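K.L.:
Got a structure for you, model_38.pdb, holding PDB, C-alpha atoms.
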```pdb
ATOM      1  CA  MET Z   5      75.646 148.440  80.695
ATOM      2  CA  VAL Z   6      78.141 146.573  82.841
ATOM      3  CA  ASN Z   7      79.195 148.523  85.935
ATOM      4  CA  ILE Z   8      82.981 148.960  85.926
ATOM      5  CA  ARG Z   9      84.828 150.459  88.875
ATOM      6  CA  ALA Z  10      88.570 150.964  88.655
ATOM      7  CA  ASP Z  11      91.352 152.041  91.002
ATOM      8  CA  VAL Z  12      94.713 152.943  89.466
ATOM      9  CA  ILE Z  13      98.211 152.770  90.981
ATOM     10  CA  VAL Z  14     100.801 155.206  89.619
ATOM     11  CA  ASP Z  15     104.399 155.843  90.660
ATOM     12  CA  CYS Z  16     104.996 159.563  91.210
ATOM     13  CA  GLN Z  17     108.792 159.496  90.921
ATOM     14  CA  TYR Z  18     111.260 157.319  88.978
ATOM     15  CA  GLY Z  19     109.968 153.865  89.847
ATOM     16  CA  ASP Z  20     111.037 151.585  92.704
ATOM     17  CA  CYS Z  21     108.667 153.297  95.141
ATOM     18  CA  GLY Z  22     106.795 150.207  96.351
ATOM     19  CA  LYS Z  23     103.884 149.945  93.890
ATOM     20  CA  GLY Z  24     103.933 146.151  94.089
ATOM     21  CA  LYS Z  25     103.519 146.233  97.869
ATOM     22  CA  VAL Z  26     100.654 148.719  97.575
ATOM     23  CA  ALA Z  27      98.959 146.514  94.969
ATOM     24  CA  HIS Z  28      99.481 143.452  97.173
ATOM     25  CA  HIS Z  29      98.012 145.291 100.177
ATOM     26  CA  LEU Z  30      94.970 146.538  98.254
ATOM     27  CA  CYS Z  31      94.250 143.024  96.966
ATOM     28  CA  LYS Z  32      94.038 141.580 100.481
ATOM     29  CA  ASP Z  33      90.407 142.425 101.123
ATOM     30  CA  GLN Z  34      89.305 140.652  97.911
ATOM     31  CA  SER Z  35      87.138 143.571  96.725
ATOM     32  CA  TYR Z  36      88.692 143.349  93.245
ATOM     33  CA  ASN Z  37      87.849 140.659  90.714
ATOM     34  CA  ARG Z  38      90.420 141.874  88.183
ATOM     35  CA  VAL Z  39      94.008 143.115  88.516
ATOM     36  CA  LEU Z  40      95.423 144.625  85.335
ATOM     37  CA  ARG Z  41      99.085 145.373  84.692
ATOM     38  CA  TYR Z  42      98.754 148.277  82.276
ATOM     39  CA  ASN Z  43     102.253 149.207  81.063
ATOM     40  CA  GLY Z  44     105.865 148.088  80.801
ATOM     41  CA  GLY Z  45     107.428 144.670  80.537
ATOM     42  CA  CYS Z  46     110.075 142.671  82.341
ATOM     43  CA  ASN Z  47     112.190 145.812  82.766
ATOM     44  CA  ALA Z  48     110.137 146.385  85.927
ATOM     45  CA  GLY Z  49     110.437 144.313  89.072
ATOM     46  CA  HIS Z  50     107.909 144.229  91.895
ATOM     47  CA  THR Z  51     109.245 142.770  95.129
ATOM     48  CA  ILE Z  52     106.372 141.273  97.090
ATOM     49  CA  TYR Z  53     106.315 139.498 100.443
ATOM     50  CA  HIS Z  54     103.452 137.019 100.677
ATOM     51  CA  ASN Z  55     102.882 134.639 103.573
ATOM     52  CA  GLY Z  56     106.482 135.047 104.686
ATOM     53  CA  GLN Z  57     107.975 134.398 101.244
ATOM     54  CA  LYS Z  58     109.737 136.883  98.984
ATOM     55  CA  PHE Z  59     108.702 137.036  95.325
ATOM     56  CA  ILE Z  60     109.988 139.224  92.495
ATOM     57  CA  THR Z  61     107.538 139.538  89.620
ATOM     58  CA  HIS Z  62     108.282 141.269  86.345
ATOM     59  CA  HIS Z  63     105.213 140.529  84.249
ATOM     60  CA  ILE Z  64     102.648 138.904  86.501
ATOM     61  CA  PRO Z  65     100.209 141.183  88.398
ATOM     62  CA  ALA Z  66      99.831 141.021  92.170
ATOM     63  CA  GLY Z  67      96.290 139.656  92.048
ATOM     64  CA  VAL Z  68      97.487 136.073  91.541
ATOM     65  CA  PHE Z  69      98.719 135.958  95.131
ATOM     66  CA  PHE Z  70      95.068 136.087  96.209
ATOM     67  CA  GLY Z  71      93.482 134.050  93.431
ATOM     68  CA  ILE Z  72      92.187 137.159  91.627
ATOM     69  CA  LYS Z  73      91.944 137.123  87.830
ATOM     70  CA  SER Z  74      95.122 138.906  86.736
ATOM     71  CA  ILE Z  75      95.754 140.270  83.249
ATOM     72  CA  ILE Z  76      98.860 141.494  81.454
ATOM     73  CA  GLY Z  77      97.269 144.313  79.485
ATOM     74  CA  SER Z  78      97.471 145.643  75.967
ATOM     75  CA  GLY Z  79      99.773 148.449  77.084
ATOM     76  CA  CYS Z  80     102.443 145.933  78.100
ATOM     77  CA  VAL Z  81     105.092 143.997  76.214
ATOM     78  CA  VAL Z  82     105.729 140.405  77.258
ATOM     79  CA  ASN Z  83     108.778 138.147  77.023
ATOM     80  CA  PRO Z  84     107.508 134.548  76.674
ATOM     81  CA  GLU Z  85     110.554 133.037  78.391
ATOM     82  CA  GLN Z  86     110.272 135.364  81.387
ATOM     83  CA  PHE Z  87     106.512 134.886  81.587
ATOM     84  CA  PHE Z  88     106.737 131.103  81.793
ATOM     85  CA  ARG Z  89     109.663 131.313  84.230
ATOM     86  CA  GLU Z  90     107.613 133.443  86.619
ATOM     87  CA  LEU Z  91     104.603 131.206  86.146
ATOM     88  CA  ALA Z  92     106.663 128.139  87.120
ATOM     89  CA  GLU Z  93     108.086 129.895  90.190
ATOM     90  CA  LEU Z  94     104.627 130.840  91.435
ATOM     91  CA  ARG Z  95     103.235 127.368  90.755
ATOM     92  CA  ASN Z  96     106.137 125.770  92.600
ATOM     93  CA  ALA Z  97     105.392 128.026  95.562
ATOM     94  CA  GLY Z  98     101.858 126.633  95.649
ATOM     95  CA  LEU Z  99     100.120 129.831  94.565
ATOM     96  CA  PRO Z 100      96.726 129.643  92.798
ATOM     97  CA  VAL Z 101      97.856 130.886  89.389
ATOM     98  CA  ASP Z 102      96.164 128.339  87.134
ATOM     99  CA  ASP Z 103      93.039 129.719  85.465
ATOM    100  CA  LYS Z 104      93.760 133.107  87.060
ATOM    101  CA  LEU Z 105      96.459 134.500  84.774
ATOM    102  CA  PHE Z 106      95.748 136.006  81.356
ATOM    103  CA  ILE Z 107      97.395 138.062  78.611
ATOM    104  CA  ALA Z 108      95.570 140.568  76.406
ATOM    105  CA  GLY Z 109      95.565 139.309  72.848
ATOM    106  CA  ASN Z 110      96.792 142.690  71.594
ATOM    107  CA  CYS Z 111      99.693 142.839  74.048
ATOM    108  CA  HIS Z 112     102.970 142.855  72.103
ATOM    109  CA  VAL Z 113     105.783 140.331  72.335
ATOM    110  CA  ILE Z 114     109.462 140.894  73.158
ATOM    111  CA  THR Z 115     111.498 138.751  70.773
ATOM    112  CA  PRO Z 116     115.103 137.497  71.029
ATOM    113  CA  GLU Z 117     116.015 140.086  68.402
ATOM    114  CA  HIS Z 118     114.666 142.842  70.640
ATOM    115  CA  LEU Z 119     116.826 141.588  73.511
ATOM    116  CA  VAL Z 120     119.958 141.586  71.369
ATOM    117  CA  GLU Z 121     119.297 145.098  70.122
ATOM    118  CA  ASP Z 122     118.515 146.501  73.562
ATOM    119  CA  GLY Z 123     121.620 144.812  74.942
ATOM    120  CA  ARG Z 124     123.734 147.215  72.897
ATOM    121  CA  ASP Z 125     122.316 150.325  74.607
ATOM    122  CA  THR Z 126     124.844 152.581  76.336
ATOM    123  CA  ALA Z 127     123.212 156.011  76.012
ATOM    124  CA  ILE Z 128     120.018 155.661  78.044
ATOM    125  CA  GLY Z 129     120.956 153.022  80.595
ATOM    126  CA  THR Z 130     118.024 150.696  79.915
ATOM    127  CA  THR Z 131     117.553 147.399  81.738
ATOM    128  CA  LYS Z 132     118.354 145.682  78.409
ATOM    129  CA  ARG Z 133     115.143 143.639  78.586
ATOM    130  CA  GLY Z 134     114.007 144.493  75.055
ATOM    131  CA  ASN Z 135     111.201 146.887  75.891
ATOM    132  CA  GLY Z 136     112.227 149.823  73.734
ATOM    133  CA  PRO Z 137     112.660 147.840  70.497
ATOM    134  CA  ALA Z 138     109.405 145.949  71.177
ATOM    135  CA  TYR Z 139     107.418 149.164  71.613
ATOM    136  CA  ARG Z 140     109.085 150.689  68.560
ATOM    137  CA  ASP Z 141     107.980 147.744  66.426
ATOM    138  CA  LYS Z 142     104.478 147.977  67.895
ATOM    139  CA  TYR Z 143     104.112 151.557  66.707
ATOM    140  CA  ALA Z 144     105.884 150.803  63.432
ATOM    141  CA  ARG Z 145     103.116 148.209  62.880
ATOM    142  CA  SER Z 146     105.655 145.444  62.493
ATOM    143  CA  GLY Z 147     105.366 143.846  65.952
ATOM    144  CA  ILE Z 148     104.008 140.490  67.052
ATOM    145  CA  GLN Z 149     100.876 140.343  69.177
ATOM    146  CA  ALA Z 150     100.570 137.766  71.931
ATOM    147  CA  GLY Z 151      97.291 136.460  70.498
ATOM    148  CA  SER Z 152      99.129 135.215  67.420
ATOM    149  CA  LEU Z 153     101.440 132.853  69.348
ATOM    150  CA  ALA Z 154     100.342 129.273  69.987
ATOM    151  CA  ILE Z 155     102.304 129.113  73.259
ATOM    152  CA  PHE Z 156     100.008 131.765  74.732
ATOM    153  CA  LYS Z 157      96.742 130.273  73.440
ATOM    154  CA  SER Z 158      95.384 129.184  76.827
ATOM    155  CA  PHE Z 159      96.177 132.577  78.413
ATOM    156  CA  ILE Z 160      94.707 134.967  75.844
ATOM    157  CA  VAL Z 161      91.810 137.237  76.737
ATOM    158  CA  ASP Z 162      89.963 139.944  74.794
ATOM    159  CA  LEU Z 163      89.868 142.936  77.144
ATOM    160  CA  TYR Z 164      86.739 144.443  75.607
ATOM    161  CA  ASP Z 165      84.857 141.184  75.850
ATOM    162  CA  ASP Z 166      86.087 140.571  79.396
ATOM    163  CA  PHE Z 167      85.125 144.032  80.629
ATOM    164  CA  PHE Z 168      81.928 144.776  78.715
ATOM    165  CA  ASN Z 169      80.338 141.377  78.044
ATOM    166  CA  SER Z 170      80.632 140.128  81.590
ATOM    167  CA  GLU Z 171      77.632 139.176  83.699
ATOM    168  CA  GLU Z 172      79.378 140.376  86.855
ATOM    169  CA  GLU Z 173      80.216 143.821  88.110
ATOM    170  CA  ILE Z 174      83.859 144.564  87.277
ATOM    171  CA  ASN Z 175      86.016 145.859  90.134
ATOM    172  CA  ILE Z 176      89.494 146.280  88.760
ATOM    173  CA  LEU Z 177      92.834 147.365  90.189
ATOM    174  CA  CYS Z 178      95.153 148.809  87.548
ATOM    175  CA  GLU Z 179      98.774 148.143  88.481
ATOM    176  CA  GLY Z 180     101.416 150.370  86.885
ATOM    177  CA  ALA Z 181     105.140 149.963  86.298
ATOM    178  CA  GLN Z 182     108.114 152.355  86.227
ATOM    179  CA  GLY Z 183     107.301 155.938  87.254
ATOM    180  CA  PHE Z 184     106.059 159.360  86.229
ATOM    181  CA  GLY Z 185     109.606 160.717  85.912
ATOM    182  CA  LEU Z 186     110.285 157.987  83.350
ATOM    183  CA  ASP Z 187     107.088 158.431  81.334
ATOM    184  CA  ILE Z 188     107.678 158.623  77.586
ATOM    185  CA  ASP Z 189     105.784 161.948  77.367
ATOM    186  CA  TRP Z 190     106.224 163.546  80.804
ATOM    187  CA  GLY Z 191     109.604 162.243  81.955
ATOM    188  CA  ASP Z 192     113.110 163.624  81.534
ATOM    189  CA  TYR Z 193     113.378 162.800  77.822
ATOM    190  CA  PRO Z 194     115.374 160.977  76.458
ATOM    191  CA  TYR Z 195     116.123 159.304  79.825
ATOM    192  CA  VAL Z 196     112.705 157.708  79.875
ATOM    193  CA  THR Z 197     111.025 154.358  79.415
ATOM    194  CA  SER Z 198     109.035 153.413  76.318
ATOM    195  CA  SER Z 199     105.525 153.270  77.770
ATOM    196  CA  HIS Z 200     102.904 155.448  79.432
ATOM    197  CA  CYS Z 201     103.353 155.404  83.227
ATOM    198  CA  THR Z 202     100.313 157.576  83.959
ATOM    199  CA  VAL Z 203      96.591 157.078  84.530
ATOM    200  CA  GLY Z 204      96.334 157.638  80.780
ATOM    201  CA  GLY Z 205      98.314 154.435  80.325
ATOM    202  CA  ALA Z 206      95.658 152.539  82.257
ATOM    203  CA  ILE Z 207      92.835 154.032  80.200
ATOM    204  CA  LEU Z 208      94.563 152.875  77.001
ATOM    205  CA  ASN Z 209      93.938 149.288  78.167
ATOM    206  CA  GLY Z 210      90.180 149.673  77.776
ATOM    207  CA  ILE Z 211      89.365 151.297  81.118
ATOM    208  CA  PRO Z 212      86.534 153.854  80.700
ATOM    209  CA  PRO Z 213      87.604 157.199  82.245
ATOM    210  CA  ARG Z 214      84.240 157.498  84.030
ATOM    211  CA  SER Z 215      84.943 154.227  85.879
ATOM    212  CA  ILE Z 216      87.993 155.506  87.757
ATOM    213  CA  ARG Z 217      87.283 155.827  91.455
ATOM    214  CA  LYS Z 218      90.636 156.247  93.202
ATOM    215  CA  VAL Z 219      94.135 156.991  91.951
ATOM    216  CA  TRP Z 220      96.779 155.711  94.331
ATOM    217  CA  GLY Z 221     100.008 157.654  93.947
ATOM    218  CA  VAL Z 222     103.148 156.017  95.351
ATOM    219  CA  ALA Z 223     106.391 157.824  96.199
ATOM    220  CA  LYS Z 224     109.367 157.557  98.511
ATOM    221  CA  VAL Z 225     110.431 160.048 101.140
ATOM    222  CA  TYR Z 226     113.558 160.456  98.990
ATOM    223  CA  GLU Z 227     114.120 159.671  95.294
ATOM    224  CA  THR Z 228     116.084 157.027  93.426
ATOM    225  CA  TYR Z 229     116.933 156.603  89.773
ATOM    226  CA  VAL Z 230     118.519 153.873  87.677
ATOM    227  CA  GLY Z 231     119.920 154.872  84.294
ATOM    228  CA  ALA Z 232     122.744 156.527  82.399
ATOM    229  CA  LYS Z 233     122.312 160.171  83.440
ATOM    230  CA  GLN Z 234     124.113 161.566  86.471
ATOM    231  CA  TYR Z 235     121.459 161.960  89.125
ATOM    232  CA  GLN Z 236     123.031 161.545  92.546
ATOM    233  CA  PRO Z 237     124.963 164.573  93.892
ATOM    234  CA  GLU Z 238     128.638 163.746  94.337
ATOM    235  CA  ASP Z 239     129.375 166.144  97.189
ATOM    236  CA  ASP Z 240     127.422 164.535 100.044
ATOM    237  CA  GLU Z 241     128.046 161.044 101.377
ATOM    238  CA  VAL Z 242     124.580 160.974 102.950
ATOM    239  CA  PHE Z 243     123.156 159.610  99.709
ATOM    240  CA  ASP Z 244     125.285 156.474  99.913
ATOM    241  CA  ARG Z 245     124.127 156.053 103.509
ATOM    242  CA  ILE Z 246     120.496 156.381 102.430
ATOM    243  CA  GLY Z 247     121.039 153.876  99.611
ATOM    244  CA  ASP Z 248     122.656 151.374 101.982
ATOM    245  CA  GLU Z 249     119.995 151.805 104.651
ATOM    246  CA  GLY Z 250     117.181 151.559 102.108
ATOM    247  CA  GLY Z 251     118.610 148.575 100.203
ATOM    248  CA  GLU Z 252     118.511 150.558  96.985
ATOM    249  CA  PHE Z 253     119.407 147.977  94.390
ATOM    250  CA  GLY Z 254     117.247 147.271  91.339
ATOM    251  CA  ALA Z 255     114.941 144.236  91.546
ATOM    252  CA  THR Z 256     115.452 143.586  87.824
ATOM    253  CA  THR Z 257     119.143 144.348  87.245
ATOM    254  CA  GLY Z 258     120.667 144.450  90.734
ATOM    255  CA  ARG Z 259     122.224 147.804  89.845
ATOM    256  CA  ARG Z 260     122.747 150.298  92.663
ATOM    257  CA  ARG Z 261     120.180 153.068  92.437
ATOM    258  CA  GLN Z 262     121.290 156.687  92.457
ATOM    259  CA  VAL Z 263     119.787 158.653  95.354
ATOM    260  CA  ASN Z 264     118.674 162.246  95.782
ATOM    261  CA  TRP Z 265     116.297 164.251  97.944
ATOM    262  CA  MET Z 266     112.589 164.327  97.106
ATOM    263  CA  ASP Z 267     111.769 166.916  94.437
ATOM    264  CA  VAL Z 268     108.387 168.251  95.569
ATOM    265  CA  ASN Z 269     107.779 169.899  92.194
ATOM    266  CA  LEU Z 270     108.039 166.534  90.418
ATOM    267  CA  LEU Z 271     105.756 165.021  93.056
ATOM    268  CA  LEU Z 272     103.214 167.837  92.675
ATOM    269  CA  LYS Z 273     103.281 167.542  88.887
ATOM    270  CA  ALA Z 274     102.667 163.791  89.080
ATOM    271  CA  VAL Z 275      99.849 164.253  91.600
ATOM    272  CA  ASN Z 276      98.129 166.904  89.488
ATOM    273  CA  LEU Z 277      98.455 165.251  86.086
ATOM    274  CA  ASN Z 278      97.309 161.866  87.376
ATOM    275  CA  GLY Z 279      94.512 163.181  89.571
ATOM    276  CA  VAL Z 280      95.919 161.386  92.614
ATOM    277  CA  THR Z 281      93.353 160.940  95.383
ATOM    278  CA  ASP Z 282      95.460 158.909  97.840
ATOM    279  CA  LEU Z 283      99.235 159.232  98.179
ATOM    280  CA  VAL Z 284     101.474 156.660  99.871
ATOM    281  CA  ILE Z 285     104.948 157.944 100.778
ATOM    282  CA  ASN Z 286     107.190 155.013 101.644
ATOM    283  CA  LYS Z 287     110.467 154.459 103.482
ATOM    284  CA  VAL Z 288     110.051 157.222 106.034
ATOM    285  CA  ASP Z 289     112.057 155.114 108.485
ATOM    286  CA  ILE Z 290     115.116 155.270 106.221
ATOM    287  CA  LEU Z 291     115.566 159.026 106.679
ATOM    288  CA  ARG Z 292     114.637 158.601 110.322
ATOM    289  CA  ASN Z 293     117.490 156.122 110.748
ATOM    290  CA  VAL Z 294     119.937 158.284 108.786
ATOM    291  CA  GLY Z 295     118.920 161.357 110.767
ATOM    292  CA  ARG Z 296     118.601 163.837 107.869
ATOM    293  CA  TRP Z 297     115.452 165.501 106.542
ATOM    294  CA  ALA Z 298     115.628 167.488 103.316
ATOM    295  CA  LEU Z 299     113.913 167.994  99.975
ATOM    296  CA  ILE Z 300     114.228 170.043  96.812
ATOM    297  CA  ASN Z 301     111.839 172.878  95.970
ATOM    298  CA  GLY Z 302     113.876 174.780  93.436
ATOM    299  CA  GLU Z 303     116.679 174.570  95.956
ATOM    300  CA  LYS Z 304     117.562 172.275  98.823
ATOM    301  CA  ILE Z 305     115.587 172.812 102.027
ATOM    302  CA  GLU Z 306     116.641 171.107 105.269
ATOM    303  CA  PHE Z 307     114.346 170.430 108.226
ATOM    304  CA  ASN Z 308     115.014 169.946 111.915
ATOM    305  CA  SER Z 309     112.556 167.121 112.359
ATOM    306  CA  GLU Z 310     110.392 164.507 110.683
ATOM    307  CA  SER Z 311     107.233 166.396 111.621
ATOM    308  CA  GLU Z 312     108.511 169.620 109.993
ATOM    309  CA  PHE Z 313     109.285 167.694 106.814
ATOM    310  CA  LYS Z 314     105.850 166.044 106.675
ATOM    311  CA  THR Z 315     104.030 169.294 107.382
ATOM    312  CA  TYR Z 316     105.869 171.055 104.562
ATOM    313  CA  VAL Z 317     105.106 168.307 102.018
ATOM    314  CA  GLU Z 318     101.432 168.125 102.930
ATOM    315  CA  LYS Z 319     101.078 171.908 102.556
ATOM    316  CA  VAL Z 320     102.570 171.766  99.048
ATOM    317  CA  LEU Z 321     100.093 169.111  97.897
ATOM    318  CA  PRO Z 322      96.558 169.980  96.768
ATOM    319  CA  SER Z 323      93.951 169.951  99.521
ATOM    320  CA  GLY Z 324      91.767 166.871  99.809
ATOM    321  CA  ILE Z 325      94.484 164.321  99.062
ATOM    322  CA  LYS Z 326      94.873 161.607 101.678
ATOM    323  CA  VAL Z 327      98.558 161.140 102.526
ATOM    324  CA  TYR Z 328      99.789 157.905 104.115
ATOM    325  CA  TRP Z 329     103.309 158.022 105.573
ATOM    326  CA  SER Z 330     104.755 154.507 105.582
ATOM    327  CA  ASP Z 331     107.968 152.879 106.702
ATOM    328  CA  ASN Z 332     110.018 150.537 104.518
ATOM    329  CA  PRO Z 333     107.377 148.327 102.806
ATOM    330  CA  GLU Z 334     109.847 145.451 102.637
ATOM    331  CA  LYS Z 335     109.175 145.024 106.349
ATOM    332  CA  ILE Z 336     105.445 144.488 105.700
TER     333      ILE Z 336
END
```
Translate the structure described by the file into structure tokens.
P.N.:
Amino acid sequence: MVNIRADVIVDCQYGDCGKGKVAHHLCKDQSYNRVLRYNGGCNAGHTIYHNGQKFITHHIPAGVFFGIKSIIGSGCVVNPEQFFRELAELRNAGLPVDDKLFIAGNCHVITPEHLVEDGRDTAIGTTKRGNGPAYRDKYARSGIQAGSLAIFKSFIVDLYDDFFNSEEEINILCEGAQGFGLDIDWGDYPYVTSSHCTVGGAILNGIPPRSIRKVWGVAKVYETYVGAKQYQPEDDEVFDRIGDEGGEFGATTGRRRQVNWMDVNLLLKAVNLNGVTDLVINKVDILRNVGRWALINGEKIEFNSESEFKTYVEKVLPSGIKVYWSDNPEKI
């Protein structure tokens, strides 16, 4: 049997935590020969800095920056126009995308009709990129699969064949989108996305559970949210300061993100349910610059120093998890 080893990246909050930068960093040593985007569509934006250039990808996995075979998986939905726009941008930047980028044949397609329908949303606060209607049609068995479109013919791959009929050992990085707090099953329903943002979402793309080696959880030292519900407290101007300092504007929509303190119970739930082995907590320098350290554990708890804050968080987490405290990844 082919030996498959997989690492999975999951967002432990509401998205926008720096998963793209973590994926980009993990790809650098070239130990992976596959990078799989396992959920979501062009409602997610990964901001990546590569060789001094800034890129925002919505569909295309981070592996293409290093010439690694990169696949948009069966758990995703893909907008053909956005896909080819990103492809052209990466080609024009001289990146080695040709013969390295693939789409699972059973990945579903976002149509113009889906975009029109999603554009009418006012209740949930979606990115209006057509994801919800596309996933609905997938499960209603009335959707369109990417393998049926001639425009995708040269990009189509059968995930089972690629993983299990290969002559090489498969080392795959599974790159997630959105976040645990937005997961269709585990998020704050109905203010959720339409896909599975957990390790389970990766497995649904043909990844054998026994193959999973590491689960990289990604969070921020504070939380942000983009959507229709009221999330940011209105009685403390510190949240606007944090948002300004952290550049908290959506990579997909440009909307200002709502800000709140880290909820350690949400973080713990995400860590436990996903089996996180390594946790990256980003943007520590933002709170350092603002000069406030606080979190929510049933109620707001303030700390006198960065070290007190870190010690508290690490004590809440299960033992054995490696925690990496990182500054703003946009400076990487």
K.L.:
Apply the PyMOL selection byres ((chain Z and resi 140) around 12) to the structure shown and report the selected residues as a count of residues only.
P.N.:
24
K.L.:
Go ahead and compute the interatomic distance for CA of Thr202 (chain Z) and CA of Arg217 (chain Z), in Å to one decimal.
P.N.:
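Between these atoms lies a distance of 15.1 Å.
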K.L.:
Please compute the CA of Phe167 (chain Z)-CA of His29 (chain Z) distance, one decimal, in Å.
P.N.:
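If I compute the distance from CA of Phe167 (chain Z) to CA of His29 (chain Z), I get 23.4 Å.
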K.L.:
When distances are computed from only C-alpha atoms, which of Z:Leu272, Z:Ala108, Z:Leu299, Z:Val39 shows the smallest separation from Val320 (chain Z)?
P.N.:
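Once distances to Val320 (chain Z) are computed over only C-alpha atoms, the minimum belongs to Z:Leu272.
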K.L.:
Given the PyMOL selection byres ((chain Z and resi 85) around 12) and the file above, list the residues it selects as an MDAnalysis selection string.
P.N.:
chainID Z and resid 46 62:63 82:84 86:92 113:116 119 133 155:156
K.L.:
Would you mind telling me which residue in Z:Gln57, Z:Gln262, Z:Asn301, Z:Asn308 lies nearest to Thr228 (chain Z) when using all atoms listed in the file?
P.N.:
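The answer is Z:Gln262, which sits nearest to Thr228 (chain Z).
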K.L.:
Could you give me, as an MDAnalysis selection string, the residues within 8 Å of Ala206 (chain Z), counting all atoms listed in the file and dropping anything in the same chain fewer than 5 positions from it?
P.N.:
chainID Z and resid 12 42:43 79 178 180 211
K.L.:
Step by step, work through what the PyMOL selection byres ((chain Z and resi 60) around 6) selects in the shown file, and finish by giving those residues as a PyMOL selection string.
P.N.:
chain Z and resi 50-51+59+61
K.L.:
What is the distance between CA of His28 (chain Z) and CA of Ala66 (chain Z), in Å to one decimal?
P.N.:
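A separation of 5.6 Å between them.
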K.L.:
May I have the residues within 10 Å of Tyr229 (chain Z) as a PDB file with C-alpha atoms, in the frame of the given file, using only C-alpha atoms and disregarding those fewer than 5 positions away in the same chain?
P.N.:
```
ATOM      1  CA  GLN Z  17     108.792 159.496  90.921  1.00  0.00           C
ATOM      2  CA  TYR Z  18     111.260 157.319  88.978  1.00  0.00           C
ATOM      3  CA  GLY Z  19     109.968 153.865  89.847  1.00  0.00           C
ATOM      4  CA  ASP Z  20     111.037 151.585  92.704  1.00  0.00           C
ATOM      5  CA  GLY Z 183     107.301 155.938  87.254  1.00  0.00           C
ATOM      6  CA  GLY Z 185     109.606 160.717  85.912  1.00  0.00           C
ATOM      7  CA  LEU Z 186     110.285 157.987  83.350  1.00  0.00           C
ATOM      8  CA  GLN Z 234     124.113 161.566  86.471  1.00  0.00           C
ATOM      9  CA  TYR Z 235     121.459 161.960  89.125  1.00  0.00           C
ATOM     10  CA  GLN Z 236     123.031 161.545  92.546  1.00  0.00           C
ATOM     11  CA  GLU Z 252     118.511 150.558  96.985  1.00  0.00           C
ATOM     12  CA  GLY Z 254     117.247 147.271  91.339  1.00  0.00           C
ATOM     13  CA  ARG Z 260     122.747 150.298  92.663  1.00  0.00           C
ATOM     14  CA  ARG Z 261     120.180 153.068  92.437  1.00  0.00           C
ATOM     15  CA  GLN Z 262     121.290 156.687  92.457  1.00  0.00           C
ATOM     16  CA  VAL Z 263     119.787 158.653  95.354  1.00  0.00           C
ATOM     17  CA  ASN Z 264     118.674 162.246  95.782  1.00  0.00           C
TER      18      ASN Z 264
END
```
K.L.:
List as a compact mmCIF listing (two decimals) with C-alpha atoms, in the frame of the given file the protein and nucleic acid residues near Gly98 (chain Z), meaning an atom at most 12 Å away when only C-alpha atoms are counted, but skip any in the same chain fewer than 5 places from it.
P.N.:
```
# COMPACT_ATOMS: atom_id res chain seq x y z
CA HIS Z 54 103.45 137.02 100.68
CA ASN Z 55 102.88 134.64 103.57
CA GLN Z 57 107.98 134.40 101.24
CA VAL Z 68 97.49 136.07 91.54
CA PHE Z 69 98.72 135.96 95.13
CA PHE Z 70 95.07 136.09 96.21
CA GLY Z 71 93.48 134.05 93.43
CA LEU Z 91 104.60 131.21 86.15
CA ALA Z 92 106.66 128.14 87.12
CA GLU Z 93 108.09 129.90 90.19
```
K.L.:
Which residue gives the smallest distance to Gly44 (chain Z) among Z:Arg259, Z:Lys233, Z:Lys304, Z:His200, with only C-alpha atoms counted?
P.N.:
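Using only C-alpha atoms, the shortest distance to Gly44 (chain Z) belongs to Z:His200.
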K.L.:
With all atoms listed in the file as the basis for distance, which of Z:Phe159, Z:Phe307, Z:Phe253, Z:Tyr195 is at the shortest distance from Gly231 (chain Z)?
P.N.:
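The closest residue to Gly231 (chain Z) is Z:Tyr195.
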K.L.:
So which one's closest to Tyr164 (chain Z), Z:Val225, Z:Ala181, Z:Leu208, Z:Leu270? Using all atoms listed in the file, please.
P.N.:
Z:Leu208
